[in-house]
Amino acid sequence: MTDRTPDNSEVQRMSLESALDVLARRREEQVVVGTMTANGVWREKSPHDLNLACIGFMGGASTLALGVALAQPERDVWVIDGDGSLMMQLGSLGTIAGAAPNNFLHIVIHNGVYETSGSQPLPSQQQVDFARMAEGAGYAQTASFGDAEEFDAALDELLAAKGPTLIQLYTRPGGRFYSARPTPPGITPALARMWPPVAEALAAD
Amino acid sequence: MTAQSIPADLLLSAIREAGVQDVVLVPDTHQRTVLDLLMDDDHIRTVHCSTEDEAIAVSAGLIIGGRRPMMQIQHAGLYASVNNLRGVGLDGQFPIVMLIGLLGRDPELEPEADGSSMVRLCRPLLETLGIPSYLLDGPDDLHHVAAAFDEAAERGGPVALLVGTTTS
Ligand SMILES: Cc1ncc(C[n+]2csc(CCOP(=O)(O)OP(=O)(O)O)c2C)c(N)n1
Ligand SMILES: [Mg+2]
């Protein structure tokens, strides 16, 4: 049997809502790629025609955002990644650092669990530190916060500096759980409906 | 029929003529002479990925941002990237053209008759995924490169080009 209780004793954690509020207050015309539990909350807090989502290809949020950032160097691109998702394509840290887009902000929601699939613990059992990993990979700046006010106080300076930047946000898992509904045959997949309007908006600018 | 080696400069010309702006890649031993030229090319940008599923997502992002990318990987990378090929390439209906090297293929045989599973299973897998593929078995087949971009755009989805023998 596995102990399902996350070990939160070491690190301070904020609510996902308060963490995303801090980001939503700075939302302007950035392209934002969301994924997993943060995606639903983000879309409510910051509805925008430049929101994209990584649904159905776990781990792909960061590199989808990288592609947009490399195509649109004048525009800021944010990705709101999951910790389990980033673990799944951890090499993307090296890919992003190598491509070095200075318009790239990588937010990692470190809740320590695979919340979407039922809050199972990550293999690293809470200990993994993505800020240190990103630093080792060669990101231009990294930071970690477990308190929304501290995050709020530091964010403008982090946004003003050159990326790629990774900000690790320690959040409390919220027990959100999503199960896929059956898809009727013949329906156009959500991703195919989602990106063309974003591409059009970017082309029009 | 014996597959002929394609000179790197001819393949590069075909890639240029197809209007490719970014080559998103994980190194393919089989196409290393082309890679050497691409990395020195002033007009085409190379984006180096750690994994092939990253390469698919990066390509999709580039397309959203208005660029014209091409992926360059080897057959093993195709097998490694199936979830993103499905979840991004197919479900997103992204016109991604993939140049895939059939490293180790016996040039005298059809790929499906090859002793190597890496070579043999490539086209059947693409067929299962509903992805059209074209074998580049010599310089005469290079017209498929530009045509693949047209087909990918028309059908809204990935198209594969299989490099049949090691480029020279
Ligand atoms: C390739 C793949 N393997 C497994 C899953 C099952 N799965 C769906 S959501 C999820 C957890 C996501 O965790 P994380 O990225 O940490 O985001 P959170 O739900 O914690 O916000 C898993 C394992 C999947 N969708 N795709
Ligand atoms: Mg998580």
# chains A, B, ... in the order shown; residues from 1 in each chain; ligands from 1
>>> closest_atom_pairs(of="chain A", to="ligand 1", cutoff="10 Å", atoms="only C-alpha atoms and all ligand atoms", output="JSON lines")
{"residue": "A:Leu16", "atom": "CA", "partner": "ligand 1", "partner_atom_place_in_ligand_line": "21 (O)", "distance": 9.4}
{"residue": "A:Gly34", "atom": "CA", "partner": "ligand 1", "partner_atom_place_in_ligand_line": "21 (O)", "distance": 9.9}
{"residue": "A:Thr35", "atom": "CA", "partner": "ligand 1", "partner_atom_place_in_ligand_line": "17 (O)", "distance": 7.2}
{"residue": "A:Met36", "atom": "CA", "partner": "ligand 1", "partner_atom_place_in_ligand_line": "21 (O)", "distance": 4.5}
{"residue": "A:Thr37", "atom": "CA", "partner": "ligand 1", "partner_atom_place_in_ligand_line": "21 (O)", "distance": 3.9}
{"residue": "A:Ala38", "atom": "CA", "partner": "ligand 1", "partner_atom_place_in_ligand_line": "21 (O)", "distance": 5.7}
{"residue": "A:Asn39", "atom": "CA", "partner": "ligand 1", "partner_atom_place_in_ligand_line": "21 (O)", "distance": 8.1}
{"residue": "A:Gly40", "atom": "CA", "partner": "ligand 1", "partner_atom_place_in_ligand_line": "21 (O)", "distance": 9.7}
{"residue": "A:Ile55", "atom": "CA", "partner": "ligand 1", "partner_atom_place_in_ligand_line": "25 (N)", "distance": 8.0}
{"residue": "A:Gly56", "atom": "CA", "partner": "ligand 1", "partner_atom_place_in_ligand_line": "25 (N)", "distance": 6.0}
{"residue": "A:Phe57", "atom": "CA", "partner": "ligand 1", "partner_atom_place_in_ligand_line": "26 (N)", "distance": 6.1}
{"residue": "A:Met58", "atom": "CA", "partner": "ligand 1", "partner_atom_place_in_ligand_line": "26 (N)", "distance": 4.8}
{"residue": "A:Gly59", "atom": "CA", "partner": "ligand 1", "partner_atom_place_in_ligand_line": "15 (O)", "distance": 7.2}
{"residue": "A:Gly60", "atom": "CA", "partner": "ligand 1", "partner_atom_place_in_ligand_line": "1 (C)", "distance": 9.7}
{"residue": "A:Ala61", "atom": "CA", "partner": "ligand 1", "partner_atom_place_in_ligand_line": "15 (O)", "distance": 9.8}
{"residue": "A:Ile80", "atom": "CA", "partner": "ligand 1", "partner_atom_place_in_ligand_line": "21 (O)", "distance": 9.6}
{"residue": "A:Asp81", "atom": "CA", "partner": "ligand 1", "partner_atom_place_in_ligand_line": "15 (O)", "distance": 6.7}
{"residue": "A:Gly82", "atom": "CA", "partner": "ligand 1", "partner_atom_place_in_ligand_line": "15 (O)", "distance": 3.5}
{"residue": "A:Asp83", "atom": "CA", "partner": "ligand 1", "partner_atom_place_in_ligand_line": "16 (O)", "distance": 4.2}
{"residue": "A:Gly84", "atom": "CA", "partner": "ligand 1", "partner_atom_place_in_ligand_line": "16 (O)", "distance": 3.4}
{"residue": "A:Ser85", "atom": "CA", "partner": "ligand 1", "partner_atom_place_in_ligand_line": "15 (O)", "distance": 3.6}
{"residue": "A:Leu86", "atom": "CA", "partner": "ligand 1", "partner_atom_place_in_ligand_line": "15 (O)", "distance": 6.6}
{"residue": "A:Met87", "atom": "CA", "partner": "ligand 1", "partner_atom_place_in_ligand_line": "15 (O)", "distance": 7.9}
{"residue": "A:Met88", "atom": "CA", "partner": "ligand 1", "partner_atom_place_in_ligand_line": "1 (C)", "distance": 7.8}
{"residue": "A:Gln89", "atom": "CA", "partner": "ligand 1", "partner_atom_place_in_ligand_line": "1 (C)", "distance": 10.0}
{"residue": "A:Val108", "atom": "CA", "partner": "ligand 1", "partner_atom_place_in_ligand_line": "16 (O)", "distance": 9.0}
{"residue": "A:Ile109", "atom": "CA", "partner": "ligand 1", "partner_atom_place_in_ligand_line": "21 (O)", "distance": 6.9}
{"residue": "A:His110", "atom": "CA", "partner": "ligand 1", "partner_atom_place_in_ligand_line": "16 (O)", "distance": 7.1}
{"residue": "A:Asn111", "atom": "CA", "partner": "ligand 1", "partner_atom_place_in_ligand_line": "20 (O)", "distance": 6.0}
{"residue": "A:Gly112", "atom": "CA", "partner": "ligand 1", "partner_atom_place_in_ligand_line": "16 (O)", "distance": 6.9}
{"residue": "A:Val113", "atom": "CA", "partner": "ligand 1", "partner_atom_place_in_ligand_line": "20 (O)", "distance": 5.1}
{"residue": "A:Tyr114", "atom": "CA", "partner": "ligand 1", "partner_atom_place_in_ligand_line": "13 (O)", "distance": 3.6}
{"residue": "A:Glu115", "atom": "CA", "partner": "ligand 1", "partner_atom_place_in_ligand_line": "19 (O)", "distance": 3.7}
{"residue": "A:Thr116", "atom": "CA", "partner": "ligand 1", "partner_atom_place_in_ligand_line": "19 (O)", "distance": 3.5}
{"residue": "A:Ser117", "atom": "CA", "partner": "ligand 1", "partner_atom_place_in_ligand_line": "10 (C)", "distance": 4.7}
{"residue": "A:Gly118", "atom": "CA", "partner": "ligand 1", "partner_atom_place_in_ligand_line": "11 (C)", "distance": 7.8}
{"residue": "A:Ser119", "atom": "CA", "partner": "ligand 1", "partner_atom_place_in_ligand_line": "20 (O)", "distance": 7.0}
{"residue": "A:Gln120", "atom": "CA", "partner": "ligand 1", "partner_atom_place_in_ligand_line": "11 (C)", "distance": 8.2}
{"residue": "A:Pro121", "atom": "CA", "partner": "ligand 1", "partner_atom_place_in_ligand_line": "16 (O)", "distance": 9.0}
{"residue": "A:Leu122", "atom": "CA", "partner": "ligand 1", "partner_atom_place_in_ligand_line": "16 (O)", "distance": 7.5}
{"residue": "A:Thr171", "atom": "CA", "partner": "ligand 1", "partner_atom_place_in_ligand_line": "20 (O)", "distance": 9.7}
{"residue": "A:Arg172", "atom": "CA", "partner": "ligand 1", "partner_atom_place_in_ligand_line": "20 (O)", "distance": 9.9}
{"residue": "A:Pro173", "atom": "CA", "partner": "ligand 1", "partner_atom_place_in_ligand_line": "20 (O)", "distance": 7.3}
{"residue": "A:Gly174", "atom": "CA", "partner": "ligand 1", "partner_atom_place_in_ligand_line": "20 (O)", "distance": 9.1}
{"residue": "A:Gly175", "atom": "CA", "partner": "ligand 1", "partner_atom_place_in_ligand_line": "19 (O)", "distance": 9.1}
{"residue": "A:Arg176", "atom": "CA", "partner": "ligand 1", "partner_atom_place_in_ligand_line": "19 (O)", "distance": 7.7}
{"residue": "A:Phe177", "atom": "CA", "partner": "ligand 1", "partner_atom_place_in_ligand_line": "19 (O)", "distance": 7.7}
{"residue": "A:Tyr178", "atom": "CA", "partner": "ligand 1", "partner_atom_place_in_ligand_line": "9 (S)", "distance": 7.8}
{"residue": "A:Ser179", "atom": "CA", "partner": "ligand 1", "partner_atom_place_in_ligand_line": "8 (C)", "distance": 8.7}
{"residue": "A:Ala180", "atom": "CA", "partner": "ligand 1", "partner_atom_place_in_ligand_line": "8 (C)", "distance": 9.5}
>>> closest_atom_pairs(of="chain B", to="chain A", cutoff="6 Å", atoms="only C-alpha atoms", output="JSON lines")
{"residue": "B:Cys49", "atom": "CA", "partner": "A:Thr95", "partner_atom": "CA", "distance": 5.2}
{"residue": "B:Ser50", "atom": "CA", "partner": "A:Gly91", "partner_atom": "CA", "distance": 5.4}
{"residue": "B:Glu54", "atom": "CA", "partner": "A:Thr63", "partner_atom": "CA", "distance": 5.7}
{"residue": "B:Ala57", "atom": "CA", "partner": "A:Leu64", "partner_atom": "CA", "distance": 4.6}
{"residue": "B:Val58", "atom": "CA", "partner": "A:Gly67", "partner_atom": "CA", "distance": 4.2}
{"residue": "B:Gly61", "atom": "CA", "partner": "A:Gly67", "partner_atom": "CA", "distance": 3.9}
{"residue": "B:Leu62", "atom": "CA", "partner": "A:Gly67", "partner_atom": "CA", "distance": 4.4}
{"residue": "B:Ile64", "atom": "CA", "partner": "A:Ala199", "partner_atom": "CA", "distance": 4.7}
{"residue": "B:Gly65", "atom": "CA", "partner": "A:Ala71", "partner_atom": "CA", "distance": 4.9}
{"residue": "B:Asn84", "atom": "CA", "partner": "A:Phe57", "partner_atom": "CA", "distance": 5.7}
{"residue": "B:Gly87", "atom": "CA", "partner": "A:Phe57", "partner_atom": "CA", "distance": 5.2}
{"residue": "B:Asp91", "atom": "CA", "partner": "A:Pro189", "partner_atom": "CA", "distance": 5.4}
{"residue": "B:Gly92", "atom": "CA", "partner": "A:Ala192", "partner_atom": "CA", "distance": 4.0}
{"residue": "B:Gln93", "atom": "CA", "partner": "A:Ala192", "partner_atom": "CA", "distance": 5.6}
>>> closest_residue(among="A:Leu20, A:Ala100, A:Thr142, A:Val128", to="ligand 2", atoms="only C-alpha atoms and all ligand atoms")
A:Val128
>>> select_by_dssp(residues="range 1-58 of chain A", states="alpha helix (DSSP H)", output="PyMOL selection string")
chain A and resi 16-24+36-45
>>> closest_residue(among="A:Leu169, A:Leu158, A:Ala204, A:Val79", to="ligand 2", atoms="only C-alpha atoms and all ligand atoms")
A:Leu169
>>> select_by_dssp(residues="range 60-104 of chain B", states="strand (DSSP E or B)", output="ChimeraX atom specification")
/B:69-74,97-101
>>> residues_around(residues="Ile73 in chain B", least_positions_apart="6", cutoff="10 Å", atoms="only C-alpha atoms", output="ChimeraX atom specification")
/B:24-31,51-52,55,98-102,162
>>> decode(residues="range 126-137 of chain A", atoms="N, CA and C atoms", output="mmCIF file, in the first residue's frame")
data_model
loop_
_atom_site.group_PDB
_atom_site.id
_atom_site.type_symbol
_atom_site.label_atom_id
_atom_site.label_comp_id
_atom_site.auth_asym_id
_atom_site.auth_seq_id
_atom_site.Cartn_x
_atom_site.Cartn_y
_atom_site.Cartn_z
ATOM 1 N N GLN A 126 7.101 14.512 -3.573
ATOM 2 C CA GLN A 126 7.173 15.917 -3.122
ATOM 3 C C GLN A 126 8.545 16.557 -3.183
ATOM 4 N N GLN A 127 9.580 15.763 -3.360
ATOM 5 C CA GLN A 127 10.902 16.352 -3.157
ATOM 6 C C GLN A 127 11.446 17.058 -4.380
ATOM 7 N N VAL A 128 10.899 16.757 -5.528
ATOM 8 C CA VAL A 128 11.486 17.285 -6.752
ATOM 9 C C VAL A 128 11.424 18.820 -6.756
ATOM 10 N N ASP A 129 12.517 19.425 -7.179
ATOM 11 C CA ASP A 129 12.613 20.879 -7.203
ATOM 12 C C ASP A 129 12.857 21.321 -8.656
ATOM 13 N N PHE A 130 11.792 21.781 -9.287
ATOM 14 C CA PHE A 130 11.894 22.123 -10.713
ATOM 15 C C PHE A 130 12.689 23.410 -10.936
ATOM 16 N N ALA A 131 12.727 24.271 -9.953
ATOM 17 C CA ALA A 131 13.517 25.503 -10.110
ATOM 18 C C ALA A 131 15.000 25.153 -10.223
ATOM 19 N N ARG A 132 15.430 24.229 -9.375
ATOM 20 C CA ARG A 132 16.842 23.821 -9.458
ATOM 21 C C ARG A 132 17.118 23.058 -10.742
ATOM 22 N N MET A 133 16.155 22.250 -11.158
ATOM 23 C CA MET A 133 16.344 21.528 -12.420
ATOM 24 C C MET A 133 16.453 22.503 -13.588
ATOM 25 N N ALA A 134 15.588 23.509 -13.594
ATOM 26 C CA ALA A 134 15.601 24.480 -14.694
ATOM 27 C C ALA A 134 16.890 25.292 -14.677
ATOM 28 N N GLU A 135 17.341 25.611 -13.486
ATOM 29 C CA GLU A 135 18.613 26.328 -13.363
ATOM 30 C C GLU A 135 19.735 25.468 -13.942
ATOM 31 N N GLY A 136 19.723 24.206 -13.603
ATOM 32 C CA GLY A 136 20.732 23.290 -14.123
ATOM 33 C C GLY A 136 20.644 23.124 -15.625
ATOM 34 N N ALA A 137 19.416 23.233 -16.140
ATOM 35 C CA ALA A 137 19.231 23.090 -17.591
ATOM 36 C C ALA A 137 19.712 24.332 -18.339
#
